[in-house]
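Undergrad: Next up is a structure, given as structure tokens.
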Amino acid sequence: MADAPAQLMALRDDPASIAPERAIVFEVEGSLKDFYEQARNIGLEYLGDFEEEFDQSDDFFIEDKPDQRLAGRIYLAMPDVQALRELLSLWERYKQNQRMPKGRGEWRELFSRLIDVRPWGPQDRISSATIAAWEGDLARDPDVLVRLEVELWYHEIGEKRAKAFRGLEAEIVAAGGEVVHHAVIPEIHYDAALVDLPGAAIGALIDNPAVSIARSDEIMFLRPQSVARYPAATEFTGEDSAAAAADADQAEPIAALLDGLPIQNHVRLAGRLAVDDPEGLDAIYPVARREHGTEMASLIIHGDLNANEPPLPRRLYVRPVLRPSANGDERTPPDRLLVDVIHQAVRRIKEGDGTEPAAAPGVVVINLSLGDETRPYARTMSPLGRLLDYLSNRYRVLFLVSAGNVLERLPVPAFDTSVEFEAATPDAREQAILNALNGNKSQRTLLSPAESLNTLTIGAAHSGSAFNGNLPNGRTDPFTDEELPNIVSAMGLGFKKIVKPELLFAGGRAPVRVVASGGGGGLVIAPVTVGAHMFGLKAARPAQLGGTRYEDFTFGTSVATALATRSAHRIHDVLMDGNGGSNHTDIDAAFMPLVLKALLVHGAKWGTKGLMLDGTFPPQGTGSHFGRRDDIARLLGYGVPDIDRVLDCTEHRATLLGVGSIAPDSSLLYRVPLPDGLDGVRALRAITITLAWFSPVNPRHQGYRMAALDVASGSDQKYWIAPQRSLQPTDKATARGTVFHERRTGEAASVFVDDGFLQLRLTCRAAAGNLADNIPYALAVSMEVGAETGIPVYDQVRVRLAQPVPATVTP
């Protein structure tokens with residue numbers, strides 16, 4: 001190894017960015033932060049962002065090994081086999097308490113923080129969660145054929161990929177199994193197979209991976225099959241609708257739904273759908289089983305039916321990716337890799353499949369209310385997450401993805417008995433449950449692909465029109481208002497601690513029930529999943545005995561995502577409504593997904609619950625706000641958006657919208673006009689800045705995100721008009737993803753500088769390898785003042801914009 005390890009080696013927290021022959025594993029005992037500090041001391045380079053913020057356990061995958069304490073696994077990319085051998089030789093010297101070679105003494109301190117150093121091997125290919133899933137399969141039926149996914153190390157050279165697959169296929173056949181499906185997606189470095197193995201072979205994998213197929217150097221991971229599944233309805237408490245069917249505008253759809261097949265002639269949906277069914281599922285999909293697609297289509301088109309909102313004017317494009325199963329539920333295809341199913345569906349929408357043209361090329365937003373129940377997020381980006389990141393950038397389309405529902409029980413240590421729990425004040429009960437959620441955050445993570453970079457992930461807010469404050473005995477409202485997430489909504493953060501979910505939309509005010517108490521084990525609660533007519537939202541749905549008029553109640557993050565898609569469509573329609581006064585009808589369609597992304601987030605903020613959590617969540621004290629606000633962001637994201645504030649300017653509020661492209665390693669200077677009447681006036685004012693983009697991704701690079709954009713003050717006066725950041729995710733958190741969102745306030749009288757313009761500097765930095773292309777973006781800036789000032793902000797800003805000042809390019 002060279003004397004400057006950083007020139008040759010880089011620490012990784014994701015093995016997918018390492019070639020198999022160069023992967024070596026550090027099993028770390030104790031604090032990962034301490035390990036990273038020592039690694040830096042000897043020159044090893046870690047390419048992740050904000051390394052000083054890594055937590056000891058909660059943000060890293062933890063093996064369930066009761067006989068040893070293990071904080072995480074870190075991967076080292078070696079320059080060649082010789083360097084790998086030399087590192088292993090140093091480790092052997094350390095284990096035997098031998099003296100280190102000259103110039104290698106600092107390695108001893110690093111090795112003291114490790115349990116083991118070894119090449120990538122069988123124990124890395126199979127996680128404890130995978131073993132637990134297989135053991136469950138064998139317990140039900142030891143002779144069952146187990147279907148699993150094999151993810152191969154990706155080779156750039158096609159011949160090597162083919163050779164690796166042939167080797168895998170031979171191993172599977174030799175074990176008595178077969179390959180069901182194989183897919184390669186070069187753009188995301190994905191090479192995987194869906195295989196069947198007999199129970200005996202699975203048992204061998206569990207008992208001794210080193211003597212089974214897991215020993216193959218070409219295999220990166222063995223996992224349960226990725227699947228999205230929705231159970232059949234168990235209760236019917238709704239009623240038939242009195243609504244009449246009506247056709248939608250025949251204009252090209254701009255929103256798409258990838259889900260189950262809806263009831264196309266339901267009174268709420270007839271004439272409003274553009275269903276694309278190339279597999280002929282309509283013939284095999286019983287109407288009574290078309291539950292999830294019908295609900296999602298209804299919520300996108302109409303919103304909560306209790307709200308009596310006008311329907312969307314355009315048809316909704318629907319591509320079924322679920323189908324009925326023998327178990328009575330709806331699920332993704334059992335004989336295809338989920339990543340390939342979504343890939344082909346999106347290609348068909350935007351590009352066509354080679355024999356037919358694009359099915360809906362005008363689509364700019366895609367609703368994906370699907371979550372892989374076998375892949376809760378655990379530090380590494382899932383293949384489906386990588387796919388959505390690639391497709392977002394490739395086709396310039398905004399994916400709205402559900403965070404996922406977590407239905408597991410929750411221990412609440414603040415209470416011992418149900419009597420204490422029920423006797424507590426609502427505020428005390430709420431605080432105890434929030435603390436319990438924070439304490440269990442590593443067990444309540446997002447479901448793949450909600451961790452993805454370019455998407456907007458939607459969580460469920462604790463809000464539902466059916467809730468009237470009355471719940472039956474044994475059912476308790478866990479929270480006091482609608483700013484907090486629904487109890488089942490999965491928690492962030494996302495990949496590399498991106499703020500996820502970014503937004504909360506109404507998902508039902510789900511109650512909880514006590515399922516265990518006393519006996520020294522403390523109190524345990526669980527979400528109530530039946531009785532949605534008491535706390536959910538109303539949507540079209542199949543009837544128990546058939547029919548096309550039935551409506552019932554539902555809840556969860558899928559519901560919230562559908563409402564987010566509806567909001568995106570509403571924003572689009574307002575922007576395109578020149579007759580309604582819009583100044584943005586000339587927006588290039590290629591920028592529209594980024595505009596929608598920016599404006600969906602633009603109206604979000606933390607409310608009083610964010611303030612409460614900032615005062616109660618640990619850690620408290622000087623310098624502790626980074627970790628604390630990251631934990632608040634796991635629950636709230638950027639908050640519940642006020643879409644009406646985005647759609648409507650008022651006399652005292654103006655929103656400016658801009659789009660453009662920025663070259664790598666350059667910056668643009670924007671000058672935002674401010675109202676003249678505010679000069680020197682003491683008044684409350686707020687400035688909100690939201691920047692959205694899609695980043696290319698580099699799966700071979702630990703940084704992954706290739707384009708890092710940012711907005712900062714372009715003046716030496718530093719946001720002189722509104723200098724204080726409002727309570728929100730930290731400035732480091734907002735810089736991690738592909739949406740920058742910041743709200744600033746001020747109240748003191750400010751004398752105008754910079755000719756009465758707020759100067760904003762937008763920068764683009766190459767963050768993960770060579771960035772060749774310009775990056776498109778959308779920027780929204782709002783300025784508002786208190787109504788008591790009487791300052792006509794909108795009119796004054798409009799006048800000053802009559803002679804717009806273009807952005808200035810700076811090096």
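Residues in the structure tokens are named by chain (A, B, ... in the order shown) and by number from 1 within that chain; ligands are numbered from 1 in the order shown.
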Just asking: which residues within segment 293-524 of chain A are strand (DSSP E or B) according to DSSP, as a PyMOL selection string?
TA: chain A and resi 314+316-320+323-324+330-331+365-368+376+398-402+405+410-412+445+447+456-461+476+485+489+491+503-506+512-516+523-524
Undergrad: Name the residues in contact with Arg705 of chain A at a cut-off of 8 Å, using only C-alpha atoms, excluding same-chain residues fewer than 6 positions from it; report them as a PyMOL selection string.
TA: chain A and resi 453+695-698+767-768
Undergrad: Could you produce a table of the residues of segment 201-252 of chain A lying within 12 Å of segment 271-276 of chain A, with the nearest pair of atoms per residue and their separation in Å rounded to one decimal, using only C-alpha atoms, ordered by chain and increasing residue number, as a Markdown table?
TA:
```
| residue | atom | partner | partner_atom | distance |
| --- | --- | --- | --- | --- |
| A:Ala244 | CA | A:Gly271 | CA | 11.1 |
| A:Ala245 | CA | A:Gly271 | CA | 7.4 |
| A:Ala246 | CA | A:Gly271 | CA | 6.1 |
| A:Asp247 | CA | A:Gly271 | CA | 4.2 |
| A:Ala248 | CA | A:Arg272 | CA | 5.0 |
| A:Asp249 | CA | A:Arg272 | CA | 8.0 |
| A:Gln250 | CA | A:Arg272 | CA | 8.8 |
| A:Ala251 | CA | A:Ala274 | CA | 10.8 |
| A:Glu252 | CA | A:Ala274 | CA | 9.4 |
```
Undergrad: For the residues in that selection, give me N, CA and C atoms as a PDB file, in the first residue's frame.
TA:
```pdb
ATOM      1  N   ALA A 244     -73.194  11.309 -10.400  1.00  0.00           N
ATOM      2  CA  ALA A 244     -73.411  10.889 -11.777  1.00  0.00           C
ATOM      3  C   ALA A 244     -72.078  10.860 -12.512  1.00  0.00           C
ATOM      4  N   ALA A 245     -71.927   9.907 -13.417  1.00  0.00           N
ATOM      5  CA  ALA A 245     -70.697   9.817 -14.192  1.00  0.00           C
ATOM      6  C   ALA A 245     -70.578  11.019 -15.130  1.00  0.00           C
ATOM      7  N   ALA A 246     -69.317  11.429 -15.389  1.00  0.00           N
ATOM      8  CA  ALA A 246     -69.082  12.557 -16.289  1.00  0.00           C
ATOM      9  C   ALA A 246     -67.728  12.377 -16.947  1.00  0.00           C
ATOM     10  N   ASP A 247     -67.644  12.716 -18.230  1.00  0.00           N
ATOM     11  CA  ASP A 247     -66.385  12.573 -18.950  1.00  0.00           C
ATOM     12  C   ASP A 247     -65.433  13.712 -18.606  1.00  0.00           C
ATOM     13  N   ALA A 248     -64.133  13.394 -18.622  1.00  0.00           N
ATOM     14  CA  ALA A 248     -63.102  14.398 -18.410  1.00  0.00           C
ATOM     15  C   ALA A 248     -62.672  14.964 -19.749  1.00  0.00           C
ATOM     16  N   ASP A 249     -61.905  16.029 -19.681  1.00  0.00           N
ATOM     17  CA  ASP A 249     -61.285  16.620 -20.858  1.00  0.00           C
ATOM     18  C   ASP A 249     -60.435  15.558 -21.550  1.00  0.00           C
ATOM     19  N   GLN A 250     -60.451  15.536 -22.866  1.00  0.00           N
ATOM     20  CA  GLN A 250     -59.683  14.541 -23.605  1.00  0.00           C
ATOM     21  C   GLN A 250     -58.246  14.984 -23.874  1.00  0.00           C
ATOM     22  N   ALA A 251     -57.823  16.069 -23.213  1.00  0.00           N
ATOM     23  CA  ALA A 251     -56.435  16.507 -23.356  1.00  0.00           C
ATOM     24  C   ALA A 251     -55.491  15.424 -22.838  1.00  0.00           C
ATOM     25  N   GLU A 252     -54.270  15.475 -23.321  1.00  0.00           N
ATOM     26  CA  GLU A 252     -53.288  14.449 -22.974  1.00  0.00           C
ATOM     27  C   GLU A 252     -53.063  14.415 -21.464  1.00  0.00           C
TER      28      GLU A 252
END
```
Undergrad: Pick out the closest residue to Thr548 of chain A from this set: A:Arg268, A:Arg348, A:His584, A:Arg743. Count only C-alpha atoms.
TA: A:Arg268
Undergrad: Report, in Å to a single decimal, how far apart atom CA of Pro723 of chain A and atom CA of Val751 of chain A are.
TA: 13.2 Å
Undergrad: Let's see if you can do this: from backbone DSSP, list all helix (DSSP H, G or I) residues in segment 742-810 of chain A, as an NGL selection string.
TA: :A and (754-756 or 787-789 or 793-800)
Undergrad: A:Val559, A:Lys497, A:Arg379, A:Thr457: which is nearest Ala735 of chain A, counting only C-alpha atoms?
TA: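 Selected residue with least distance to Ala735 of chain A: A:Lys497.
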Undergrad: Would you mind listing what lies within 9 Å of Gly756 of chain A as a list in words, with only C-alpha atoms counted and same-chain residues fewer than 3 positions away left out?
TA: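 In the requested form, the answer reads Val672, Pro673, Leu674, Pro675, Asp676, Asp679, Val751, Phe752 and Val753 of chain A.
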Undergrad: Selected residues, N, CA, C and O atoms, written as a short mmCIF file (atom, residue, chain, number, x, y, z; two decimals), in the first residue's frame, please.
TA:
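And here's out29.cif as it stands now:
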```
data_model
loop_
_atom_site.label_atom_id
_atom_site.label_comp_id
_atom_site.auth_asym_id
_atom_site.auth_seq_id
_atom_site.Cartn_x
_atom_site.Cartn_y
_atom_site.Cartn_z
N VAL A 672 -33.69 39.52 -6.70
CA VAL A 672 -35.12 39.42 -6.46
C VAL A 672 -35.64 40.77 -5.99
O VAL A 672 -35.21 41.27 -4.94
N PRO A 673 -36.55 41.41 -6.73
CA PRO A 673 -37.03 42.74 -6.33
C PRO A 673 -37.88 42.68 -5.07
O PRO A 673 -38.69 41.77 -4.89
N LEU A 674 -37.68 43.66 -4.20
CA LEU A 674 -38.43 43.75 -2.95
C LEU A 674 -39.38 44.95 -3.01
O LEU A 674 -39.12 45.92 -3.73
N PRO A 675 -40.48 44.92 -2.25
CA PRO A 675 -41.44 46.04 -2.27
C PRO A 675 -40.83 47.31 -1.66
O PRO A 675 -40.21 47.26 -0.59
N ASP A 676 -41.01 48.43 -2.35
CA ASP A 676 -40.42 49.69 -1.88
C ASP A 676 -40.94 50.09 -0.50
O ASP A 676 -40.21 50.65 0.30
N ASP A 679 -38.96 49.49 2.97
CA ASP A 679 -37.66 50.09 3.27
C ASP A 679 -37.74 50.87 4.57
O ASP A 679 -38.48 51.85 4.70
N VAL A 751 -32.86 48.99 6.46
CA VAL A 751 -32.66 49.95 5.38
C VAL A 751 -32.21 49.19 4.15
O VAL A 751 -31.30 48.36 4.21
N PHE A 752 -32.86 49.43 3.03
CA PHE A 752 -32.57 48.67 1.81
C PHE A 752 -31.13 48.88 1.36
O PHE A 752 -30.59 49.99 1.40
N VAL A 753 -30.53 47.79 0.89
CA VAL A 753 -29.22 47.82 0.26
C VAL A 753 -29.36 47.11 -1.08
O VAL A 753 -30.42 46.59 -1.43
#
```
Undergrad: When you count only C-alpha atoms, which of these residues is closest to Glu239 of chain A: A:Arg73, A:His181, A:His569, A:Lys538?
TA: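 When distances to Glu239 of chain A are compared using only C-alpha atoms, the smallest one comes from A:Lys538.
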Undergrad: My list of candidates is A:Glu178, A:Glu92, A:Glu291, A:Asp588. Which is closest to Arg147 of chain A when distances are computed with only C-alpha atoms?
TA: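 When distances to Arg147 of chain A are compared using only C-alpha atoms, the smallest one comes from A:Glu178.
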